[in-house]
Each structure stands twice: as structure tokens, then as C-alpha cells.
Amino acid sequence: MTALSRDQALAALVLMTGSLIAQMIVLPVFLLLLATILLMLAWLHWLCLWPVPSLLKVFGLVVAISLLLLEFGNLLSLEPMVGLFSFSLLLKLLEVKARRDVYLLLALSLFGLATPLLFNQTLWWFLIVVILAVMHFSMTVILHTGSQRMFWFKPALSISLQALPLALLLFFIVPRLPPLWVVPLANHQSITGLSENLSLGVMDNLSRDTSLAFNATFDEEVPMPEHRYWRSIVLVDYDGEVWRPLATKDNLTKSSPSDRLDFVYQLMIPASYQSWLPTLGDASQWPGSAIALKDGTLRSKQKITQKQILSVASRLQNNQWSSLEVLHRSMQLPDDVHPKTRRLARDLSKGLVGPERLQALLDYFRHENFYYTLQPAPLLADKVDSFMLQTRQGFCEHYAVAFAVMARELGFPARLVTGYLGGEQSSIDPQSLSIYQYDAHAWVEVWIEGLGWQRYDPTAWINPSRISASAGDRLEWMNEDMPLLARWLWTARGQQWLMHARHYNEWLNLRWMQFMLGYDSHGQIGFLQRWLGGVTA
């Protein structure tokens with residue numbers, strides 16, 4: 001690289017590599033492999049003065065565009081646009097000849113540093129981007145002065161501090177207007193968390209997922225563990241294999257928010273690319289960005305493609321109303337499924353009336369040799385019959401599905417509810433709960449005449465520790481045949497000092513996100529009124 005000394009070229013390459021890693025980390029693995037190859041060629045070009053053939057650069061461009069189209073189907077959604085920009089920056093690295101090309105690269109790279117914040121707005125990513133930006137300023141100073149230092153931070157920090165007042169002024173004072181246009185997100189984005197449908201085995205992938213599902217911060221005391229049932233999706237229609245929710249258009253409520261409040265809390269929900277929102281019991285009040293359904297759950301009007309903070313209030317008691325059509329659909333079973341389980345339900349309830357028949361089912365689960373495990377034996381042929389009369393091993397969804405089938409066989413309207421159970425109380429902020437994907441849970445709601453929908457959780461009868469114990473103390477985790485590394489990581493997760501450090505990290509990120517996401521147009525008006533009083537624009 002004749003435009004720069006070897007030390008300057010090495011410093012620029014290190015900086016560009018860090019910037020590109022930050023920009024491209026969201027891309028699929030095979031695109032990262034192509035980027036690694038191009039980056040290695042750039043190092044050869046800069047440090048070994050290897051002239052890159054023009055045909056190779058054209059080939060790299062064609063392959064990059066082809067892979068982006070293959071993965072995303074278009075170039076106009078967010079991730080492929082970021083990928084296209086990053087690959088363009090990589091290819092520009094292969095044709096630098098003069099110092100002005102390096103200046104252009106630094107400017108483009110500095111612009112590209114904003115892209116990681118489109119996907120991850122946590123405090124630590126923000127700090128990484130700030131550090132990389134200061135390093136860009138430092139590299140510009142090196143090029144301008146001809147210094148041979150690897151990085152020269154003192155002038156760069158001086159430049160940053162001089163720019164800080166203007167940056168703060170722009171952030172706090174410039175009106176927070178909605179975007180003039182919206183960049184569509186990639187359709188391929190992986191959906192995280194609960195599935196809209198449920199069949200036996202579908203929740204297995206969440207049982208050891210330690211990623212955060214959402215945070216909840218309460219205005220008053222945190223509810224007791226037995227009340228931490230986060231309702232997300234209500235499943236009514238059943239074809240003998242898959243449980244499905246009612247269509248949204250058939251489930252919309254015309255009721256307005258209620259004044260009956262048991263819990264008032266703020267939800268911080270990461271991007272899940274789904275639309276369901278968790279609530280404790282039935283939603284009573286909700287933000288304008290959500291809609292309420294007749295079954296008491298909430299849906300976001302748009303898929304959750306970035307972190308959101310929502311204020312929600314709810315009541316513990318489920319709604320007491322249900323249409324005759326919904327009750328009828330909640331009793332339906334296909335004629336040719338689960339014959340042995342249905343016969344068992346009839347035998348257990350013979351001679352009993354009303355809710356006593358459900359109590360007989362409860363006693364059967366409680367007294368027979370059922371075993372709660374995250375690694376159940378394979379189910380053959382009719383899965384519900386195989387579970388109830390052969391393996392008797394499973395986790396929440398096995399017990400919920402079996403109980404719902406038996407309740408319907410006895411003539412009770414029954415529906416499945418999927419959501420989350422529990423939450424880890426923060427040691428930093430006692431009013432905050434962190435709910436993880438491994439807290440995913442399924443239970444049953446049964447319609448009792450005169451009482452409405454009542455919750456029945458067979459898992460609580462088989463494994464009471466699932467309700468009250470912390471995740472690290474749950475029996476299912478201790479008894480599983482886990483790989484040594486996974487067992488070690490799970491054990492380490494329960495260590496007090498690591499838990500405290502994790503809670504502190506989550507608390508910092510939560511406060512940061514509340515500040516960043518909460519500073520919208522309404523937040524800005526409130527901020528200016530606090531500082532300027534009645535002064536208007």
C-alpha cells in the first residue's frame with residue numbers, strides 16, 4: 001500500500017476489520033464466510049502490495065449479490081441493504097490506490113457504524129460503536145498529520161468532546177418526527193419464542209433457551225410466583241394433532257379498557273418478529289399500539305421488529321363471557337383420535353357430576369406414576385394415547401394437551417394457553433422480573449358454568465417445583481442427561497455472584513432502553529416542559 005506507511009496501513013486495516021465485523025454480525029454464516037475471504041484478500045493487498053485482479057473483484061460482487069438475493073429474496077429490505085453496503089465497503093478495500101481513497105473508506109465506514117444499532121440498541125453495543133467512532137477520528141488525525149502511531153487518541157477525544165454539546169443539542173432539542181419512509185425488514189427473520197400453533201414437541205426447543213423473552217417492571221410489589229402466569233396465546237381449534245388460535249377477526253373485542261386493575265407494569269419486549277404480547281391474567285388497559293382480543297390477550301398491531309416498551313394493566317380473573325360459537329368450538333374433538341385416553345376419562349368420571357369429574361382427572365395425574373422430564377421418551381402412533389398409557393413422561397405441553405382432550409371428552413369447553421410461567425426477580429431492582437425463553441409454559445382453561453374460564457395446570461400437580469422454585473433449583477434441570485458443558489453453564493448461571501452480575505447488566509440495559517425508547521415526541525415535550533416550563537416553540 002504505497003499510499004500509506006506499513007504502520008498506517010496496519011492501523012487502518014485493524015480499524016476497518018473491527019467496523020466490518022460490527023456491521024456484518026447479523027448476516028447469515030455463509031455470507032460471513034465470503035466476507036472473511038474478501039477481508040483476507042484486502043490484507044494481502046494492503047500489506048503485501050498484491051494487485052487484486054479486476055475480474056476477481058467483479059466475481060466477488062456478483063457472488064455477494066447472488067447470495068444476498070438467495071437468502072433474502074430481494075435487496076430492498078433492511079438486512080440485505082446492510083449486507084450490500086458492507087460488501088461494497090469490502091470490495092472498495094481491494095482497490096485503494098491513493099490516500100484520498102482511504103479518507104473515503106473511513107467516511108463510509110463511519111457511516112456504516114450506525115447500522116449495528118438498527119438491530120441491537122443495548123448499552124454495550126452503543127459503547128462499542130462509540131469507541132469505534134473515536135478510533136475512526138483517531139485514524140483521520142493520523143492520516144492528516146502523517147503520524148506513525150498505531151492510534152492517536154488524544155486529538156480524537158478532543159474532537160469528540162468538542163462535538164458532544166452539538167450532538168446532545170440535536171438529540172434533545174430537534175423535534176422527534178416520524179420517519180419520512182420506512183425500510184422493510186427481511187421476511188426471513190427468525191421468529192423467536194412461542195409459536196402461534198402447538199403440537200406435542202414444539203416447545204422442546206425453548207426448554208433450555210436462556211435468552212430473554214421480556215422484562216416486566218411493576219409499579220407496586222411483584223406478584224407471588226403462583227400468580228406469574230403470563231398469558232400470550234389462547235388455542236381453541238384442534239384437529240387431533242395441532243392446536244390453533246381463533247382468527248384475529250373472529251376474536252376482536254369491542255370493549256374499552258377497564259378500571260379493574262390487579263397489576264400495573266411496563267413490558268420491555270425484544271424483537272420477536274411476532275405480534276403476541278404477554279399479560280398477567282386478562283388485559284385491562286393497553287397502549288394504542290396494541291389490540292385486545294376477546295380471550296383477554298393482547299396483540300401488537302405490527303410485528304415486533306425492534307425492542308418495545310409498553311405500559312399494561314391486567315386483572316387476575318379471566319373474562320366471564322364467551323360466545324356460544326366459541327364454547328362449541330372449545331368442545332370439539334375429531335372422532336378418530338385418542339380413543340384410549342377418551343375412554344379413560346369416561347371411566348375415571350363415572351358416577352360423578354359437574355367439576356367433580358375434573359377433580360377425578362386431577363387425582364389420576366397426581367396419584368399415578370407420571371414423571372416430569374425435558375427429555376421424554378418418543379411417542380408412537382397416537383401420541384396422546386402413547387403418553388397417557390405407555391410412556392407417562394413429558395413436560396408442560398404433554399400434560400396440558402392430555403388434560404384438555406380429557407376435559408373436552410367429558411363435555412367441558414377447554415382451551416390451551418401458551419405463555420410463560422415465573423420470572424427471575426432482580427437483585428438490583430426488586431420490582432423487576434426477567435422472564436426467559438426457558439420459562440415457556442402451557443396450561444389449560446376450562447369453562448365452568450357460573451364461574452367462567454378457570455385455569456387448570458396439570459404440571460403443577462406433577463412437578464410443583466416448576467411453579468415455585470427458581471430455574472437453577474428445578475428438579476427437571478438437575479435430573480436431565482445434559483452435556484457436560486451445558487450442565488456446567490447451567491450450574492454457573494445459578495451462582496450468586498454471576499446472577500448478581502447478570503441482574504446488574506440487565507438492569508443497566510433496561511434503564512438505557514427505557515431512556516432511549518421512551519424519548520419519543522411525547523417524551524421530548526415532557527422533557528422540555530420540565531426544563532423550560534411554559535415556553536413554547
# chains A, B, ... in the order shown; residues from 1 in each chain; ligands from 1
$ residues_around --residues "Thr140 (chain A)" --least-positions-apart "4" --cutoff "9 Å" --atoms "only C-alpha atoms" --output "MDAnalysis selection string"
chainID A and resid 103 106 135:136 144:145 156
$ write_last_selection --atoms "all heavy atoms" --output "mmCIF file, in the first residue's frame"
data_model
loop_
_atom_site.group_PDB
_atom_site.id
_atom_site.type_symbol
_atom_site.label_atom_id
_atom_site.label_comp_id
_atom_site.auth_asym_id
_atom_site.auth_seq_id
_atom_site.Cartn_x
_atom_site.Cartn_y
_atom_site.Cartn_z
ATOM 1 N N TYR A 103 -9.367 8.084 2.941
ATOM 2 C CA TYR A 103 -10.296 9.030 3.550
ATOM 3 C C TYR A 103 -11.751 8.645 3.227
ATOM 4 O O TYR A 103 -12.640 8.689 4.085
ATOM 5 C CB TYR A 103 -10.018 10.451 3.055
ATOM 6 C CG TYR A 103 -8.892 11.156 3.763
ATOM 7 C CD1 TYR A 103 -7.714 11.484 3.092
ATOM 8 C CD2 TYR A 103 -9.011 11.515 5.103
ATOM 9 C CE1 TYR A 103 -6.677 12.138 3.728
ATOM 10 C CE2 TYR A 103 -7.989 12.179 5.747
ATOM 11 C CZ TYR A 103 -6.823 12.484 5.066
ATOM 12 O OH TYR A 103 -5.800 13.132 5.717
ATOM 13 N N LEU A 106 -12.805 5.613 5.267
ATOM 14 C CA LEU A 106 -13.088 5.968 6.659
ATOM 15 C C LEU A 106 -14.456 6.635 6.784
ATOM 16 O O LEU A 106 -15.203 6.366 7.733
ATOM 17 C CB LEU A 106 -12.001 6.892 7.201
ATOM 18 C CG LEU A 106 -10.649 6.239 7.514
ATOM 19 C CD1 LEU A 106 -9.623 7.307 7.864
ATOM 20 C CD2 LEU A 106 -10.797 5.254 8.663
ATOM 21 N N MET A 135 -12.090 5.812 17.290
ATOM 22 C CA MET A 135 -10.931 5.250 16.578
ATOM 23 C C MET A 135 -10.890 5.738 15.129
ATOM 24 O O MET A 135 -9.817 5.955 14.564
ATOM 25 C CB MET A 135 -10.968 3.729 16.641
ATOM 26 C CG MET A 135 -10.744 3.159 18.042
ATOM 27 S SD MET A 135 -10.937 1.364 18.144
ATOM 28 C CE MET A 135 -9.470 0.832 17.250
ATOM 29 N N HIS A 136 -12.053 5.926 14.522
ATOM 30 C CA HIS A 136 -12.091 6.495 13.167
ATOM 31 C C HIS A 136 -11.543 7.925 13.175
ATOM 32 O O HIS A 136 -10.784 8.317 12.278
ATOM 33 C CB HIS A 136 -13.516 6.489 12.618
ATOM 34 C CG HIS A 136 -13.947 5.164 12.045
ATOM 35 N ND1 HIS A 136 -14.174 4.061 12.822
ATOM 36 C CD2 HIS A 136 -14.180 4.783 10.756
ATOM 37 C CE1 HIS A 136 -14.552 3.055 12.049
ATOM 38 N NE2 HIS A 136 -14.567 3.470 10.796
ATOM 39 N N HIS A 144 -3.934 12.779 8.573
ATOM 40 C CA HIS A 144 -3.770 14.220 8.354
ATOM 41 C C HIS A 144 -2.395 14.708 8.797
ATOM 42 O O HIS A 144 -1.793 15.585 8.151
ATOM 43 C CB HIS A 144 -4.871 14.982 9.101
ATOM 44 C CG HIS A 144 -4.881 16.445 8.827
ATOM 45 N ND1 HIS A 144 -5.260 16.980 7.611
ATOM 46 C CD2 HIS A 144 -4.553 17.500 9.616
ATOM 47 C CE1 HIS A 144 -5.164 18.295 7.650
ATOM 48 N NE2 HIS A 144 -4.738 18.647 8.870
ATOM 49 N N THR A 145 -1.890 14.175 9.902
ATOM 50 C CA THR A 145 -0.605 14.648 10.453
ATOM 51 C C THR A 145 0.586 13.837 9.973
ATOM 52 O O THR A 145 1.734 14.250 10.166
ATOM 53 C CB THR A 145 -0.650 14.598 11.985
ATOM 54 O OG1 THR A 145 -0.861 13.238 12.416
ATOM 55 C CG2 THR A 145 -1.767 15.475 12.523
ATOM 56 N N ALA A 156 -8.292 12.758 18.950
ATOM 57 C CA ALA A 156 -9.604 12.213 18.610
ATOM 58 C C ALA A 156 -10.591 12.460 19.744
ATOM 59 O O ALA A 156 -11.750 12.815 19.508
ATOM 60 C CB ALA A 156 -9.482 10.717 18.318
#
$ residues_around --residues "region 520-526 of chain A" --least-positions-apart "5" --cutoff "7 Å" --atoms "only C-alpha atoms" --output "list in words"
Phe172, Arg176 and Leu177 of chain A
$ write_last_selection --atoms "all heavy atoms" --output "CSV table (one decimal), in the first residue's frame"
chain,number,residue,atom,x,y,z
A,172,PHE,N,-31.7,16.2,22.0
A,172,PHE,CA,-32.8,16.6,23.0
A,172,PHE,C,-33.7,17.7,22.4
A,172,PHE,O,-34.9,17.7,22.8
A,172,PHE,CB,-32.1,17.2,24.2
A,172,PHE,CG,-31.6,16.1,25.1
A,172,PHE,CD1,-30.2,15.9,25.3
A,172,PHE,CD2,-32.4,15.2,25.8
A,172,PHE,CE1,-29.7,14.9,26.1
A,172,PHE,CE2,-31.9,14.2,26.7
A,172,PHE,CZ,-30.5,14.1,26.8
A,176,ARG,N,-38.8,15.3,17.4
A,176,ARG,CA,-38.7,13.8,17.2
A,176,ARG,C,-39.9,13.5,16.2
A,176,ARG,O,-41.0,13.2,16.6
A,176,ARG,CB,-38.9,13.0,18.5
A,176,ARG,CG,-38.1,13.5,19.6
A,176,ARG,CD,-36.6,13.3,19.5
A,176,ARG,NE,-36.3,11.8,19.6
A,176,ARG,CZ,-35.1,11.3,19.6
A,176,ARG,NH1,-34.0,12.1,19.5
A,176,ARG,NH2,-34.9,10.1,19.8
A,177,LEU,N,-39.6,13.6,14.9
A,177,LEU,CA,-40.6,13.4,13.9
A,177,LEU,C,-40.6,11.9,13.5
A,177,LEU,O,-39.6,11.2,13.6
A,177,LEU,CB,-40.3,14.3,12.7
A,177,LEU,CG,-40.3,15.8,13.0
A,177,LEU,CD1,-39.9,16.5,11.7
A,177,LEU,CD2,-41.7,16.2,13.4
$ select_by_dssp --residues "region 308-512 of chain A" --states "strand (DSSP E)" --output "PyMOL selection string"
chain A and resi 308-315+371-372+393-394+414-421+424-425+432-436+440-448+452-456
$ residues_around --residues "region 271-282 of chain A" --least-positions-apart "6" --cutoff "6 Å" --atoms "only C-alpha atoms" --output "list in words"
Ile191, Thr192, Tyr229, Trp230, Arg231, Ser232, Gly296, Leu298, Arg299, Ser300, Lys303, Ile304, Thr305, Gln306, Lys307, Ser314, Arg315, Leu316 and Asn318 of chain A
$ closest_residue --among "A:Leu421, A:Ala442, A:Leu348, A:Gln308" --to "Leu517 (chain A)" --atoms "only C-alpha atoms"
A:Gln308
$ select_by_dssp --residues "region 179-389 of chain A" --states "alpha helix (DSSP H)" --output "PyMOL selection string"
chain A and resi 248-251+324-329+339-348+356-367+383-386
$ write_last_selection --atoms "N, CA and C atoms" --output "CSV table (one decimal), in the first residue's frame"
chain,number,residue,atom,x,y,z
A,248,THR,N,-57.9,-13.7,14.2
A,248,THR,CA,-58.0,-12.4,14.9
A,248,THR,C,-59.3,-11.7,14.6
A,249,LYS,N,-59.8,-11.8,13.4
A,249,LYS,CA,-61.0,-11.1,13.1
A,249,LYS,C,-62.2,-11.6,13.8
A,250,ASP,N,-62.1,-12.9,14.2
A,250,ASP,CA,-63.2,-13.5,15.0
A,250,ASP,C,-63.0,-13.4,16.5
A,251,ASN,N,-61.9,-12.8,16.9
A,251,ASN,CA,-61.6,-12.7,18.3
A,251,ASN,C,-61.4,-11.3,18.8
A,324,LEU,N,-71.4,-18.5,22.3
A,324,LEU,CA,-71.9,-19.9,22.2
A,324,LEU,C,-71.0,-20.6,21.1
A,325,GLU,N,-70.7,-19.9,20.1
A,325,GLU,CA,-69.8,-20.5,19.0
A,325,GLU,C,-68.5,-20.9,19.5
A,326,VAL,N,-67.8,-20.0,20.3
A,326,VAL,CA,-66.5,-20.3,20.9
A,326,VAL,C,-66.6,-21.5,21.8
A,327,LEU,N,-67.6,-21.5,22.7
A,327,LEU,CA,-67.8,-22.6,23.6
A,327,LEU,C,-68.0,-23.9,22.8
A,328,HIS,N,-68.8,-23.9,21.7
A,328,HIS,CA,-69.0,-25.1,20.9
A,328,HIS,C,-67.7,-25.5,20.3
A,329,ARG,N,-66.9,-24.6,19.8
A,329,ARG,CA,-65.6,-25.0,19.2
A,329,ARG,C,-64.6,-25.5,20.2
A,339,PRO,N,-58.6,-42.6,21.2
A,339,PRO,CA,-59.7,-43.4,21.8
A,339,PRO,C,-59.4,-43.9,23.2
A,340,LYS,N,-58.2,-44.3,23.5
A,340,LYS,CA,-57.9,-44.9,24.8
A,340,LYS,C,-57.9,-43.8,25.9
A,341,THR,N,-57.4,-42.6,25.6
A,341,THR,CA,-57.4,-41.5,26.6
A,341,THR,C,-58.8,-41.0,26.8
A,342,ARG,N,-59.6,-41.0,25.8
A,342,ARG,CA,-61.0,-40.6,26.0
A,342,ARG,C,-61.8,-41.6,26.8
A,343,ARG,N,-61.6,-42.9,26.5
A,343,ARG,CA,-62.2,-43.9,27.3
A,343,ARG,C,-61.8,-43.9,28.8
A,344,LEU,N,-60.5,-43.6,29.0
A,344,LEU,CA,-60.0,-43.4,30.4
A,344,LEU,C,-60.7,-42.3,31.1
A,345,ALA,N,-60.9,-41.2,30.4
A,345,ALA,CA,-61.6,-40.0,31.0
A,345,ALA,C,-63.0,-40.4,31.4
A,346,ARG,N,-63.7,-41.1,30.6
A,346,ARG,CA,-65.1,-41.5,30.9
A,346,ARG,C,-65.1,-42.5,32.1
A,347,ASP,N,-64.1,-43.4,32.1
A,347,ASP,CA,-64.1,-44.4,33.3
A,347,ASP,C,-63.8,-43.7,34.6
A,348,LEU,N,-62.9,-42.7,34.6
A,348,LEU,CA,-62.5,-42.0,35.8
A,348,LEU,C,-63.6,-41.2,36.4
A,356,GLU,N,-66.6,-32.2,39.8
A,356,GLU,CA,-66.1,-33.4,40.4
A,356,GLU,C,-65.4,-34.3,39.4
A,357,ARG,N,-65.9,-34.3,38.2
A,357,ARG,CA,-65.3,-35.1,37.1
A,357,ARG,C,-63.9,-34.6,36.8
A,358,LEU,N,-63.7,-33.2,36.8
A,358,LEU,CA,-62.3,-32.7,36.6
A,358,LEU,C,-61.4,-33.0,37.8
A,359,GLN,N,-62.0,-33.0,39.0
A,359,GLN,CA,-61.2,-33.4,40.1
A,359,GLN,C,-60.7,-34.8,40.0
A,360,ALA,N,-61.5,-35.7,39.5
A,360,ALA,CA,-61.1,-37.1,39.3
A,360,ALA,C,-59.9,-37.2,38.3
A,361,LEU,N,-59.9,-36.4,37.3
A,361,LEU,CA,-58.8,-36.3,36.4
A,361,LEU,C,-57.5,-35.8,37.1
A,362,LEU,N,-57.7,-34.8,37.9
A,362,LEU,CA,-56.6,-34.2,38.7
A,362,LEU,C,-56.0,-35.3,39.6
A,363,ASP,N,-56.9,-36.1,40.3
A,363,ASP,CA,-56.4,-37.1,41.2
A,363,ASP,C,-55.6,-38.2,40.5
A,364,TYR,N,-56.1,-38.5,39.3
A,364,TYR,CA,-55.4,-39.5,38.5
A,364,TYR,C,-54.0,-39.1,38.1
A,365,PHE,N,-53.8,-37.8,37.6
A,365,PHE,CA,-52.5,-37.3,37.3
A,365,PHE,C,-51.6,-37.3,38.6
A,366,ARG,N,-52.2,-36.9,39.7
A,366,ARG,CA,-51.5,-36.8,40.9
A,366,ARG,C,-51.0,-38.1,41.5
A,367,HIS,N,-51.8,-39.1,41.4
A,367,HIS,CA,-51.5,-40.4,42.1
A,367,HIS,C,-50.9,-41.4,41.2
A,383,LYS,N,-50.2,-40.1,19.7
A,383,LYS,CA,-49.2,-39.5,20.6
A,383,LYS,C,-49.8,-39.3,22.0
A,384,VAL,N,-51.1,-38.9,22.1
A,384,VAL,CA,-51.7,-38.6,23.4
A,384,VAL,C,-52.0,-40.0,24.1
A,385,ASP,N,-52.4,-41.0,23.4
A,385,ASP,CA,-52.6,-42.3,24.0
A,385,ASP,C,-51.3,-42.9,24.4
A,386,SER,N,-50.3,-42.7,23.6
A,386,SER,CA,-48.9,-43.2,23.9
A,386,SER,C,-48.4,-42.6,25.2
$ residues_around --residues "Leu41 (chain A)" --least-positions-apart "6" --cutoff "9 Å" --atoms "only C-alpha atoms" --output "mmCIF file with N, CA, C and O atoms, in the first residue's frame"
data_model
loop_
_atom_site.group_PDB
_atom_site.id
_atom_site.type_symbol
_atom_site.label_atom_id
_atom_site.label_comp_id
_atom_site.auth_asym_id
_atom_site.auth_seq_id
_atom_site.Cartn_x
_atom_site.Cartn_y
_atom_site.Cartn_z
ATOM 1 N N TRP A 50 -0.219 -6.837 -3.012
ATOM 2 C CA TRP A 50 -0.670 -7.768 -4.045
ATOM 3 C C TRP A 50 -1.754 -7.094 -4.881
ATOM 4 O O TRP A 50 -2.790 -6.676 -4.366
ATOM 5 N N VAL A 52 -4.924 -6.853 -6.859
ATOM 6 C CA VAL A 52 -6.102 -7.707 -6.985
ATOM 7 C C VAL A 52 -6.626 -7.625 -8.419
ATOM 8 O O VAL A 52 -6.916 -6.519 -8.905
ATOM 9 N N LEU A 94 -10.345 -3.453 -1.777
ATOM 10 C CA LEU A 94 -9.479 -4.165 -2.717
ATOM 11 C C LEU A 94 -8.960 -3.282 -3.836
ATOM 12 O O LEU A 94 -8.174 -3.739 -4.668
#
$ closest_residue --among "A:Ala9, A:Pro165, A:Thr122, A:Gln266" --to "Met516 (chain A)" --atoms "only C-alpha atoms"
A:Thr122
$ closest_residue --among "A:Thr115, A:Ser323, A:Asn215, A:Asn120" --to "Gly423 (chain A)" --atoms "only C-alpha atoms"
A:Asn215
$ atom_distance --atom1 "CA of Ser147 (chain A)" --atom2 "CA of Gln8 (chain A)"
8.2 Å
